[in-house]
file input-v4.cif (mmCIF, C-alpha atoms)
data_final
#
loop_
_atom_site.label_atom_id
_atom_site.label_comp_id
_atom_site.auth_asym_id
_atom_site.auth_seq_id
_atom_site.Cartn_x
_atom_site.Cartn_y
_atom_site.Cartn_z
CA MET A 1 212.77 -256.18 8.67
CA VAL A 2 210.49 -259.18 8.94
CA LYS A 3 212.00 -262.28 7.35
CA GLU A 4 210.49 -265.52 6.15
CA GLU A 5 210.15 -268.06 8.95
CA MET A 6 208.89 -271.58 9.40
CA PHE A 7 205.45 -271.96 10.90
CA SER A 8 203.11 -274.72 11.96
CA ILE A 9 199.46 -274.67 10.98
CA PHE A 10 198.77 -275.95 14.50
CA ASP A 11 200.35 -272.77 15.92
CA PHE A 12 198.00 -270.72 13.75
CA ALA A 13 194.99 -272.71 14.92
CA SER A 14 196.05 -272.41 18.57
CA GLY A 15 196.44 -268.65 18.20
CA ILE A 16 192.97 -268.34 16.73
CA SER A 17 191.55 -270.59 19.45
CA GLU A 18 193.03 -268.42 22.20
CA ALA A 19 191.53 -265.36 20.53
CA ILE A 20 188.10 -267.00 20.41
CA ASP A 21 188.36 -267.91 24.10
CA LEU A 22 188.69 -264.22 24.94
CA VAL A 23 185.00 -263.86 24.05
CA SER A 24 184.17 -265.65 27.29
CA PRO A 25 186.99 -266.23 29.80
CA GLU A 26 184.71 -268.52 31.81
CA LEU A 27 184.99 -271.04 28.99
CA ASN A 28 188.78 -270.92 28.63
CA ASP A 29 190.46 -274.19 27.64
CA HIS A 30 187.24 -275.72 26.29
CA HIS A 31 188.65 -275.84 22.75
CA LYS A 32 191.88 -277.34 24.03
CA LYS A 33 190.10 -280.03 26.02
CA VAL A 34 187.97 -280.96 23.02
CA ALA A 35 191.08 -281.11 20.81
CA TYR A 36 192.89 -283.43 23.22
CA ILE A 37 189.86 -285.71 23.70
CA SER A 38 189.30 -285.83 19.93
CA TYR A 39 192.95 -286.74 19.34
CA SER A 40 192.76 -289.52 21.93
CA ILE A 41 189.63 -291.01 20.37
CA ALA A 42 190.99 -290.77 16.81
CA LYS A 43 194.20 -292.48 17.94
CA GLU A 44 192.25 -295.27 19.68
CA MET A 45 190.27 -295.76 16.45
CA ASN A 46 193.52 -296.00 14.45
CA LEU A 47 192.48 -293.31 11.99
CA PRO A 48 194.99 -292.22 9.32
CA ASP A 49 197.47 -289.52 10.29
CA LYS A 50 196.00 -286.95 7.88
CA ASP A 51 192.49 -287.50 9.24
CA THR A 52 193.70 -287.20 12.83
CA LYS A 53 195.43 -283.90 12.10
CA ASP A 54 192.31 -282.47 10.46
CA ILE A 55 190.21 -283.61 13.44
CA VAL A 56 192.56 -281.88 15.89
CA LEU A 57 192.56 -278.64 13.86
CA ALA A 58 188.77 -278.70 13.63
CA ALA A 59 188.39 -279.49 17.33
CA ILE A 60 190.57 -276.61 18.46
CA LEU A 61 188.48 -274.28 16.28
CA HIS A 62 185.06 -275.91 16.54
CA ASP A 63 183.24 -272.92 18.09
CA ILE A 64 184.83 -270.33 15.80
CA GLY A 65 181.38 -269.42 14.48
CA ALA A 66 180.05 -268.47 17.94
CA PHE A 67 181.01 -264.80 18.21
CA THR A 68 179.45 -263.75 21.52
CA CYS A 69 179.34 -264.97 25.11
CA GLU A 70 175.67 -265.82 24.67
CA GLU A 71 176.37 -268.04 21.67
CA ARG A 72 179.29 -269.75 23.38
CA PHE A 73 177.26 -270.48 26.51
CA GLN A 74 174.37 -271.75 24.41
CA ALA A 75 176.72 -274.02 22.47
CA MET A 76 178.39 -275.24 25.64
CA PHE A 77 175.49 -275.77 27.97
CA SER A 78 172.81 -277.06 25.63
CA LEU A 79 174.24 -280.38 26.86
CA PHE A 80 172.73 -283.15 24.79
CA GLU A 81 170.00 -281.13 23.10
CA ASP A 82 169.50 -281.03 19.36
CA SER A 83 171.97 -279.01 17.27
CA GLY A 84 169.18 -276.75 16.01
CA LEU A 85 169.63 -274.61 19.11
CA ASN A 86 172.59 -272.85 17.54
CA ASN A 87 173.84 -272.24 13.99
CA HIS A 88 177.47 -271.64 14.89
CA PRO A 89 178.72 -274.83 13.13
CA GLU A 90 177.50 -273.49 9.78
CA MET A 91 178.92 -270.04 10.58
CA GLY A 92 182.29 -271.59 11.43
CA TYR A 93 182.27 -273.54 8.19
CA LYS A 94 181.61 -270.38 6.20
CA LEU A 95 184.52 -268.60 7.88
CA LEU A 96 187.11 -271.27 7.16
CA ARG A 97 186.02 -273.01 3.96
CA ASN A 98 187.93 -270.68 1.60
CA PHE A 99 191.15 -270.65 3.66
CA GLU A 100 193.00 -273.64 2.17
CA PRO A 101 194.96 -274.80 5.26
CA PHE A 102 191.69 -275.15 7.19
CA ALA A 103 189.34 -276.20 4.37
CA ASP A 104 189.14 -279.89 5.41
CA ALA A 105 188.74 -278.91 9.06
CA ALA A 106 185.89 -276.59 8.05
CA LEU A 107 183.85 -279.56 6.80
CA LEU A 108 184.25 -281.29 10.15
CA ILE A 109 183.24 -278.16 12.03
CA ARG A 110 180.10 -277.87 9.90
CA HIS A 111 178.67 -281.11 11.30
CA HIS A 112 180.15 -281.23 14.79
CA HIS A 113 176.74 -281.04 16.52
CA LYS A 114 175.07 -283.71 14.39
CA HIS A 115 173.44 -286.55 16.30
CA PHE A 116 174.27 -289.97 14.91
CA ASP A 117 170.69 -291.24 14.94
CA LYS A 118 169.50 -288.12 13.07
CA SER A 119 172.18 -288.14 10.38
CA PRO A 120 171.72 -291.10 8.04
CA GLY A 121 174.67 -290.20 5.81
CA GLY A 122 177.16 -287.60 4.64
CA VAL A 123 178.64 -286.74 8.04
CA PRO A 124 182.40 -287.41 8.38
CA ILE A 125 183.51 -289.60 11.25
CA GLY A 126 185.68 -286.71 12.41
CA SER A 127 182.56 -284.62 13.07
CA TYR A 128 181.12 -287.39 15.23
CA ILE A 129 184.38 -287.59 17.17
CA ILE A 130 184.36 -283.85 17.86
CA HIS A 131 180.68 -284.00 18.84
CA LEU A 132 181.39 -286.67 21.45
CA ALA A 133 184.51 -284.85 22.69
CA ASP A 134 182.59 -281.58 22.94
CA ARG A 135 179.77 -283.13 24.97
CA LEU A 136 182.25 -284.95 27.21
CA ALA A 137 184.23 -281.76 27.92
CA ILE A 138 181.19 -279.82 29.14
CA LEU A 139 180.54 -282.42 31.83
CA PHE A 140 183.74 -281.59 33.71
CA ASP A 141 183.18 -279.87 37.05
CA LYS A 142 186.02 -277.46 37.87
CA LYS A 143 185.17 -277.64 41.58
CA ARG A 144 185.68 -281.40 41.88
CA GLU A 145 188.76 -283.61 41.69
CA ILE A 146 188.88 -285.10 38.21
CA LEU A 147 189.22 -288.81 39.00
CA GLU A 148 186.24 -288.63 41.34
CA GLN A 149 184.11 -287.39 38.45
CA ILE A 150 184.74 -290.26 36.05
CA PRO A 151 181.76 -292.45 37.07
CA ASP A 152 179.28 -289.57 36.87
CA ILE A 153 180.69 -288.31 33.55
CA MET A 154 180.58 -291.74 31.92
CA LYS A 155 177.10 -292.38 33.29
CA ASN A 156 175.91 -289.23 31.51
CA MET A 157 177.58 -290.27 28.27
CA GLU A 158 176.07 -293.76 28.40
CA LYS A 159 172.65 -292.32 29.17
CA ASN A 160 172.81 -290.43 25.88
CA GLU A 161 174.57 -293.13 23.84
CA SER A 162 172.01 -293.01 21.02
CA ILE A 163 173.20 -289.60 19.82
CA PHE A 164 176.83 -290.72 19.41
CA HIS A 165 178.45 -292.75 16.66
CA PRO A 166 178.90 -296.22 18.20
CA ASP A 167 182.56 -296.46 17.14
CA THR A 168 183.43 -293.18 18.85
CA LEU A 169 181.67 -294.21 22.06
CA ALA A 170 183.41 -297.60 21.99
CA ALA A 171 186.77 -295.82 21.73
CA LEU A 172 185.89 -293.57 24.65
CA ARG A 173 184.96 -296.56 26.80
CA LYS A 174 188.45 -297.97 26.26
CA ILE A 175 190.43 -294.82 26.99
CA ALA A 176 188.16 -293.91 29.92
CA LYS A 177 189.80 -296.77 31.84
CA MET A 178 193.14 -294.94 31.66
CA GLU A 179 193.71 -292.44 34.47
CA TYR A 180 196.34 -290.59 32.45
CA PHE A 181 193.70 -289.65 29.86
CA TRP A 182 191.61 -287.82 32.44
CA ILE A 183 194.60 -286.22 34.16
CA GLU A 184 196.05 -284.90 30.92
CA THR A 185 192.69 -283.61 29.71
CA TRP A 186 192.14 -281.88 33.05
CA LEU A 187 195.57 -280.37 33.70
CA PHE A 188 197.16 -279.62 30.34
CA PRO A 189 194.82 -280.45 27.48
CA VAL A 190 197.08 -279.14 24.73
CA GLY A 191 200.26 -277.43 25.93
CA ASN A 192 203.13 -279.32 24.38
CA LEU A 193 201.30 -282.65 24.32
CA LEU A 194 199.70 -282.51 20.88
CA PRO A 195 202.61 -280.82 19.07
CA GLU A 196 204.86 -283.54 20.49
CA ARG A 197 202.52 -286.38 19.56
CA ILE A 198 201.41 -285.10 16.17
CA GLN A 199 204.06 -283.77 13.81
CA PHE A 200 202.24 -280.96 12.08
CA PRO A 201 204.13 -279.92 8.93
CA GLN A 202 206.38 -276.88 9.05
CA LYS A 203 206.44 -274.60 6.01
CA LEU A 204 207.64 -271.16 5.03
CA ILE A 205 205.27 -268.32 5.72
CA GLU A 206 203.91 -267.07 2.40
CA MET A 207 202.40 -263.63 2.14
CA ASP A 208 199.17 -264.93 0.59
CA THR A 209 198.80 -267.40 3.47
CA LEU A 210 199.32 -264.62 6.01
CA LEU A 211 196.78 -262.42 4.25
CA GLY A 212 194.29 -265.27 4.14
CA LEU A 213 194.70 -265.93 7.85
CA ALA A 214 194.44 -262.22 8.64
CA LYS A 215 191.21 -262.01 6.68
CA VAL A 216 189.71 -264.93 8.60
CA LEU A 217 190.72 -263.40 11.91
CA SER A 218 189.40 -259.96 10.95
CA GLN A 219 186.01 -261.47 10.19
CA ILE A 220 185.92 -263.12 13.61
CA ILE A 221 186.50 -259.65 15.06
CA ASP A 222 184.26 -257.57 12.84
CA PHE A 223 181.33 -259.90 12.27
CA ARG A 224 180.53 -259.94 16.01
CA SER A 225 178.82 -256.56 15.73
CA ARG A 226 176.97 -254.60 13.08
CA PHE A 227 178.82 -251.54 14.42
CA THR A 228 182.22 -252.94 13.39
CA ALA A 229 181.33 -255.16 10.43
CA THR A 230 183.86 -253.53 8.08
CA HIS A 231 186.21 -251.57 10.33
CA SER A 232 189.28 -253.83 10.13
CA SER A 233 189.05 -253.99 6.33
CA GLY A 234 189.06 -250.20 6.24
CA VAL A 235 192.06 -249.89 8.54
CA ALA A 236 193.96 -252.51 6.53
CA ALA A 237 193.31 -250.65 3.27
CA VAL A 238 194.30 -247.25 4.69
CA ALA A 239 197.43 -248.64 6.38
CA LEU A 240 198.50 -250.31 3.15
CA GLU A 241 197.93 -247.15 1.12
CA LEU A 242 199.73 -244.86 3.58
CA ALA A 243 202.71 -247.22 3.80
CA ALA A 244 202.92 -247.48 0.00
CA ILE A 245 202.76 -243.70 -0.54
CA SER A 246 205.37 -243.27 2.21
CA GLY A 247 207.83 -245.38 0.22
CA PHE A 248 208.00 -248.56 2.26
CA SER A 249 208.85 -251.85 0.51
CA GLU A 250 206.21 -254.14 -0.97
CA GLN A 251 206.76 -256.65 1.82
CA GLU A 252 206.45 -253.99 4.52
CA CYS A 253 203.25 -252.70 2.93
CA LYS A 254 201.67 -256.14 2.85
CA LEU A 255 202.64 -256.77 6.45
CA MET A 256 201.02 -253.46 7.37
CA GLU A 257 197.86 -254.60 5.61
CA ILE A 258 197.92 -257.77 7.73
CA ALA A 259 198.46 -255.72 10.89
CA GLY A 260 195.50 -253.55 9.90
CA PHE A 261 193.26 -256.58 9.55
CA LEU A 262 194.32 -257.78 13.00
CA HIS A 263 194.67 -254.55 15.00
CA ASP A 264 191.39 -255.01 16.90
CA ILE A 265 191.57 -258.74 17.57
CA GLY A 266 191.86 -257.91 21.27
CA LYS A 267 188.27 -256.68 21.16
CA LEU A 268 187.24 -260.29 21.40
CA ALA A 269 187.80 -259.78 25.12
CA ILE A 270 185.27 -256.93 25.21
CA SER A 271 181.55 -257.59 25.63
CA ASN A 272 179.15 -256.68 22.85
CA ASP A 273 177.24 -254.49 25.29
CA ILE A 274 180.24 -252.17 25.37
CA LEU A 275 181.12 -252.47 21.69
CA GLU A 276 177.56 -251.63 20.63
CA LYS A 277 176.75 -248.98 23.22
CA ASN A 278 175.09 -246.06 21.45
CA GLY A 279 176.50 -243.33 23.66
CA VAL A 280 179.46 -242.31 25.79
CA LEU A 281 181.13 -245.10 27.75
CA ASN A 282 181.18 -244.71 31.51
CA HIS A 283 184.49 -244.88 33.39
CA GLU A 284 184.37 -248.62 34.00
CA GLU A 285 183.37 -249.38 30.39
CA TYR A 286 186.12 -247.13 29.06
CA ASN A 287 188.74 -248.87 31.16
CA GLU A 288 187.49 -252.22 29.88
CA MET A 289 187.77 -250.99 26.30
CA ARG A 290 191.33 -249.73 26.87
CA LYS A 291 192.50 -253.32 27.43
CA HIS A 292 191.95 -254.43 23.85
CA PRO A 293 195.27 -253.29 22.27
CA TYR A 294 197.17 -255.23 24.92
CA PHE A 295 195.16 -258.37 24.19
CA THR A 296 195.88 -257.80 20.49
CA TYR A 297 199.59 -257.83 21.26
CA VAL A 298 199.39 -260.96 23.44
CA ILE A 299 197.40 -262.96 20.88
CA LEU A 300 199.50 -262.05 17.85
CA SER A 301 202.91 -262.28 19.52
CA ARG A 302 202.21 -265.93 20.36
CA ILE A 303 202.11 -266.82 16.66
CA LYS A 304 205.66 -267.31 15.40
CA GLY A 305 206.38 -264.86 12.60
CA PHE A 306 203.84 -262.32 13.85
CA GLU A 307 206.05 -260.60 16.44
CA GLN A 308 206.57 -257.37 14.47
CA ILE A 309 203.00 -257.38 13.18
CA ALA A 310 201.86 -257.70 16.79
CA MET A 311 203.57 -254.47 17.82
CA TRP A 312 202.36 -252.45 14.84
CA ALA A 313 198.80 -253.68 15.39
CA ALA A 314 198.85 -253.07 19.15
CA CYS A 315 200.07 -249.48 18.82
CA HIS A 316 196.95 -248.10 17.15
CA HIS A 317 195.93 -246.18 20.30
CA GLU A 318 199.41 -244.95 21.21
CA ARG A 319 200.33 -241.24 21.03
CA LEU A 320 203.61 -239.53 20.16
CA ASP A 321 203.60 -237.71 23.51
CA GLY A 322 203.44 -241.03 25.39
CA GLU A 323 199.90 -240.47 26.63
CA GLY A 324 198.38 -243.28 24.58
CA TYR A 325 197.83 -246.88 25.66
CA PRO A 326 198.58 -249.65 26.56
CA PHE A 327 202.41 -249.28 26.38
CA HIS A 328 202.79 -245.47 26.42
CA VAL A 329 205.46 -245.58 23.71
CA LYS A 330 206.76 -242.20 22.61
CA GLY A 331 209.33 -240.49 20.43
CA GLU A 332 211.83 -242.74 18.69
CA ASN A 333 210.34 -245.83 20.33
CA PHE A 334 207.19 -245.21 18.30
CA SER A 335 208.25 -246.67 14.93
CA LYS A 336 207.21 -245.13 11.60
CA LEU A 337 204.97 -248.04 10.66
CA ALA A 338 203.34 -248.10 14.10
CA ARG A 339 202.64 -244.37 13.69
CA ILE A 340 201.05 -245.07 10.32
CA MET A 341 198.81 -247.69 11.95
CA ALA A 342 197.64 -245.18 14.56
CA VAL A 343 196.75 -242.67 11.83
CA ALA A 344 195.07 -245.37 9.70
CA ASP A 345 192.81 -246.34 12.61
CA ILE A 346 191.78 -242.72 13.22
CA VAL A 347 191.18 -241.99 9.52
CA THR A 348 188.98 -245.06 9.19
CA ALA A 349 187.08 -244.45 12.43
CA ILE A 350 186.11 -240.87 11.56
CA THR A 351 185.31 -241.37 7.85
CA GLU A 352 183.43 -244.69 7.88
CA ASP A 353 179.66 -244.87 8.20
CA ARG A 354 178.30 -246.61 11.28
CA PRO A 355 174.69 -247.54 12.09
CA TYR A 356 174.40 -244.72 14.61
CA ARG A 357 176.12 -241.91 12.59
CA PRO A 358 177.49 -241.09 9.12
CA GLY A 359 181.19 -240.71 8.43
CA MET A 360 182.81 -237.27 8.45
CA SER A 361 183.44 -235.26 5.31
CA SER A 362 187.01 -234.97 4.05
CA GLU A 363 187.24 -231.41 5.33
CA ALA A 364 186.06 -232.33 8.83
CA ALA A 365 188.32 -235.38 8.96
CA ILE A 366 191.39 -233.36 7.96
CA GLU A 367 190.56 -230.78 10.63
CA ILE A 368 190.43 -233.55 13.27
CA LEU A 369 193.78 -234.97 12.12
CA SER A 370 195.41 -231.53 12.14
CA GLY A 371 194.19 -230.94 15.68
CA LEU A 372 195.68 -234.23 16.85
CA VAL A 373 199.03 -233.27 15.31
CA ALA A 374 198.91 -229.88 17.02
CA ASP A 375 198.47 -231.39 20.48
CA GLY A 376 201.27 -233.93 20.00
CA GLY A 377 199.08 -236.97 19.53
CA ILE A 378 199.91 -238.28 16.06
CA ASP A 379 202.72 -238.08 13.53
CA LYS A 380 202.82 -234.85 11.48
CA TRP A 381 204.71 -236.45 8.57
CA THR A 382 202.14 -239.23 8.19
CA VAL A 383 199.23 -236.80 8.49
CA GLU A 384 200.70 -234.54 5.79
CA ILE A 385 200.86 -237.53 3.45
CA ALA A 386 197.27 -238.41 4.36
CA LYS A 387 196.09 -234.84 3.72
CA GLU A 388 197.87 -234.61 0.36
CA ASN A 389 196.35 -237.91 -0.80
CA PHE A 390 193.09 -237.84 1.14
CA VAL A 391 190.74 -238.35 -1.81
CA ARG A 392 192.69 -241.40 -2.99
CA ILE A 393 193.00 -242.85 0.51
CA ASN A 394 189.30 -242.33 1.22
CA GLU A 395 188.33 -244.01 -2.05
CA VAL A 396 190.50 -247.01 -1.22
CA ARG A 397 189.01 -247.20 2.27
CA ASN A 398 185.47 -246.98 0.98
CA ALA A 399 186.02 -249.63 -1.70
CA ALA A 400 187.55 -252.03 0.82
CA GLN A 401 184.70 -251.52 3.25
CA GLN A 402 182.02 -251.92 0.60
CA ALA A 403 183.59 -255.26 -0.37
CA ALA A 404 183.69 -256.27 3.31
CA LEU A 405 180.07 -255.22 3.75
CA GLN A 406 179.09 -257.52 0.89
CA GLU A 407 181.04 -260.36 2.53
CA TYR A 408 179.19 -259.64 5.77
CA ALA A 409 175.85 -259.76 3.91
CA ASP A 410 176.83 -263.03 2.20
CA TYR A 411 177.98 -264.54 5.49
CA TYR A 412 174.64 -263.88 7.17
CA ASP A 413 172.57 -264.54 4.00
CA LEU A 414 171.32 -260.93 4.01
CA PRO A 415 169.86 -259.28 0.89
CA LYS A 416 172.39 -258.16 -1.69
CA LEU A 417 173.48 -254.56 -1.31
CA ASN A 418 171.75 -253.51 -4.50
CA GLU A 419 168.51 -255.26 -3.55
CA LYS A 420 165.71 -253.97 -1.38
CA PRO A 421 165.06 -256.15 1.67
#

call {"tool": "encode", "arguments": {"input": "input-v4.cif", "output": "structure tokens"}}
result
Amino acid sequence: MVKEEMFSIFDFASGISEAIDLVSPELNDHHKKVAYISYSIAKEMNLPDKDTKDIVLAAILHDIGAFTCEERFQAMFSLFEDSGLNNHPEMGYKLLRNFEPFADAALLIRHHHKHFDKSPGGVPIGSYIIHLADRLAILFDKKREILEQIPDIMKNMEKNESIFHPDTLAALRKIAKMEYFWIETWLFPVGNLLPERIQFPQKLIEMDTLLGLAKVLSQIIDFRSRFTATHSSGVAAVALELAAISGFSEQECKLMEIAGFLHDIGKLAISNDILEKNGVLNHEEYNEMRKHPYFTYVILSRIKGFEQIAMWAACHHERLDGEGYPFHVKGENFSKLARIMAVADIVTAITEDRPYRPGMSSEAAIEILSGLVADGGIDKWTVEIAKENFVRINEVRNAAQQAALQEYADYYDLPKLNEKP
């Protein structure tokens, strides 16, 4: 079974960053470039080690509040315009502020688009560093050789010097003379460079920490679309309940809850046009959607300690007869807990309310599950447990999703659920 392992908070941040980049592949490595530039500037400014680490964590997550391609492009290519064009810094702050390992980084993210001449006080120097690094990174032209670009890039930065903190710009001027800085930023902005140069603390994985991270990641997934605002919370609750009733250990049950929160993280690679389509997907759209469990596996398996969770989460569209996707596991290769995850996803999907249709009644849901057992799709043993405890499981699912819906409303400053808009 899964054992306690050492983990680095930087590994967690890198995993989240890679997941965010799936929203828009065209912008891949932007977070990593900003993190490396920010580190280089903080080092040149001789900032304390703790401050530098927080700046790097914030930089590698700075666009976490931009959920769609449109928001990412707006954040990237607004160039030197005012920060009012996009509210993703505040959204990113709200996501991370209550997750203790990232709480200090959240404050830096909140102000990372602030212009120096428009912010008389209260903005941390780390935010100004990330702002400069972010604006520098967007000036890179992938079609040109990097060293040839330096004069044009620096000319742009100097032209807009009034919006940058003078100390951060002074540090950039010094490191800009070093060819290695540009080469490293261009070729391998993070890779092994930052872990080697900054010793992020290693600590034992604690279940509460894992659950906190899973909750943050599930909100990145679900809050992208009103159609999926509470889905992962529902799957997590159902998976936990089914595993507990089935007699699995407390640790296994909690890990299943984490896997439930994270099972759809691969949907970050799917456009909102497909996720929110009110109708049947065409062949091309369906094939695009079928990629998401694989991306879930890739993202989660890169975080040390998440290897088993990655497989459970990624198997939610597999079938016992091997006709599921993306791995076509079948028979004894389809583990009990992975089978529970597949059932939990189906139960949640057919019983939850969505903007375009109400959830099924218990009777209709049980009929669907029984039909899937009959044609060899899902595990009979797990479905029998679900049927025998359906009222309890549905109540748990509904309570979890109502709580998530309130969190969604709070996140977007929507009216309280018991208030009329």

call {"tool": "resolve_selection", "arguments": {"input": "input-v4.cif", "expression": "the PyMOL selection byres ((chain A and resi 362) around 10)", "output": "list in words"}}
result
Val347, Ile350, Thr351, Gly359, Met360, Ser361, Glu363, Ala364, Ala365, Ile366, Glu367, Ile368, Lys387, Phe390, Val391 and Asn394 of chain A

call {"tool": "closest_residue", "arguments": {"input": "input-v4.cif", "among": "A:Val329, A:Leu47, A:Leu210, A:Ala105", "to": "Lys304 of chain A", "atoms": "all atoms listed in the file"}}
result
A:Leu210

call {"tool": "residues_near_point", "arguments": {"input": "input-v4.cif", "point": "(185.3, -287.9, 18.1)", "cutoff": "12 Å", "atoms": "all atoms listed in the file", "output": "ChimeraX atom specification"}}
result
/A:34-45,47,51-52,54-56,58-59,108-109,111-114,116,124-137,164-172

call {"tool": "residues_near_point", "arguments": {"input": "input-v4.cif", "point": "(193.6, -261.7, 6.6)", "cutoff": "12 Å", "atoms": "all atoms listed in the file", "output": "ChimeraX atom specification"}}
result
/A:95-96,98-99,207-222,232-233,236-237,254-263,265,404

call {"tool": "closest_residue", "arguments": {"input": "input-v4.cif", "among": "A:Asp345, A:Ile16, A:Lys32, A:Cys253", "to": "Leu193 of chain A", "atoms": "all atoms listed in the file"}}
result
A:Lys32

call {"tool": "resolve_selection", "arguments": {"input": "input-v4.cif", "expression": "the PyMOL selection byres ((chain A and resi 242-252) around 8)", "output": "list in words"}}
result
Met1, Val2, Val238, Ala239, Leu240, Glu241, Cys253, Lys254, Leu255, Met256, Leu337, Ile340, Ala344, Thr382, Ile385, Ala386 and Ile393 of chain A

call {"tool": "atom_distance", "arguments": {"input": "input-v4.cif", "atom1": "atom CA of Ile299 of chain A", "atom2": "atom CA of Cys315 of chain A"}}
result
13.9 Å

call {"tool": "closest_residue", "arguments": {"input": "input-v4.cif", "among": "A:Arg357, A:Lys380, A:His231, A:His88", "to": "Gln401 of chain A", "atoms": "only C-alpha atoms"}}
result
A:His231

call {"tool": "closest_residue", "arguments": {"input": "input-v4.cif", "among": "A:Met311, A:Ile303, A:Ala374, A:Ile153", "to": "Ala13 of chain A", "atoms": "all atoms listed in the file"}}
result
A:Ile303

call {"tool": "resolve_selection", "arguments": {"input": "input-v4.cif", "expression": "the PyMOL selection byres ((chain A and resi 377) around 9)", "output": "JSON, numbers by chain"}}
result
{"A": [318, 319, 320, 321, 322, 323, 324, 371, 372, 373, 374, 375, 376, 378, 379]}

call {"tool": "write_last_selection", "arguments": {"input": "input-v4.cif", "atoms": "C-alpha atoms", "output": "PDB file, in the frame of the given file"}}
result
ATOM      1  CA  GLU A 318     199.410-244.950  21.210  1.00  0.00           C
ATOM      2  CA  ARG A 319     200.330-241.240  21.030  1.00  0.00           C
ATOM      3  CA  LEU A 320     203.610-239.530  20.160  1.00  0.00           C
ATOM      4  CA  ASP A 321     203.600-237.710  23.510  1.00  0.00           C
ATOM      5  CA  GLY A 322     203.440-241.030  25.390  1.00  0.00           C
ATOM      6  CA  GLU A 323     199.900-240.470  26.630  1.00  0.00           C
ATOM      7  CA  GLY A 324     198.380-243.280  24.580  1.00  0.00           C
ATOM      8  CA  GLY A 371     194.190-230.940  15.680  1.00  0.00           C
ATOM      9  CA  LEU A 372     195.680-234.230  16.850  1.00  0.00           C
ATOM     10  CA  VAL A 373     199.030-233.270  15.310  1.00  0.00           C
ATOM     11  CA  ALA A 374     198.910-229.880  17.020  1.00  0.00           C
ATOM     12  CA  ASP A 375     198.470-231.390  20.480  1.00  0.00           C
ATOM     13  CA  GLY A 376     201.270-233.930  20.000  1.00  0.00           C
ATOM     14  CA  ILE A 378     199.910-238.280  16.060  1.00  0.00           C
ATOM     15  CA  ASP A 379     202.720-238.080  13.530  1.00  0.00           C
TER      16      ASP A 379
END

call {"tool": "closest_residue", "arguments": {"input": "input-v4.cif", "among": "A:Glu384, A:Val235, A:Pro101, A:Leu414", "to": "Phe200 of chain A", "atoms": "all atoms listed in the file"}}
result
A:Pro101

call {"tool": "atom_distance", "arguments": {"input": "input-v4.cif", "atom1": "atom CA of Leu300 of chain A", "atom2": "atom CA of Lys33 of chain A"}}
result
21.9 Å

call {"tool": "residues_around", "arguments": {"input": "input-v4.cif", "residues": "Ile64 of chain A", "least_positions_apart": "2", "cutoff": "7 Å", "atoms": "only C-alpha atoms", "output": "list of chain:residue names"}}
result
A:Ile20, A:Leu61, A:His62, A:Ala66, A:Gly92

call {"tool": "atom_distance", "arguments": {"input": "input-v4.cif", "atom1": "atom CA of His30 of chain A", "atom2": "atom CA of Ser17 of chain A"}}
result
9.6 Å

call {"tool": "closest_residue", "arguments": {"input": "input-v4.cif", "among": "A:Tyr411, A:Asn282, A:Glu307, A:Pro293", "to": "Arg97 of chain A", "atoms": "all atoms listed in the file"}}
result
A:Tyr411
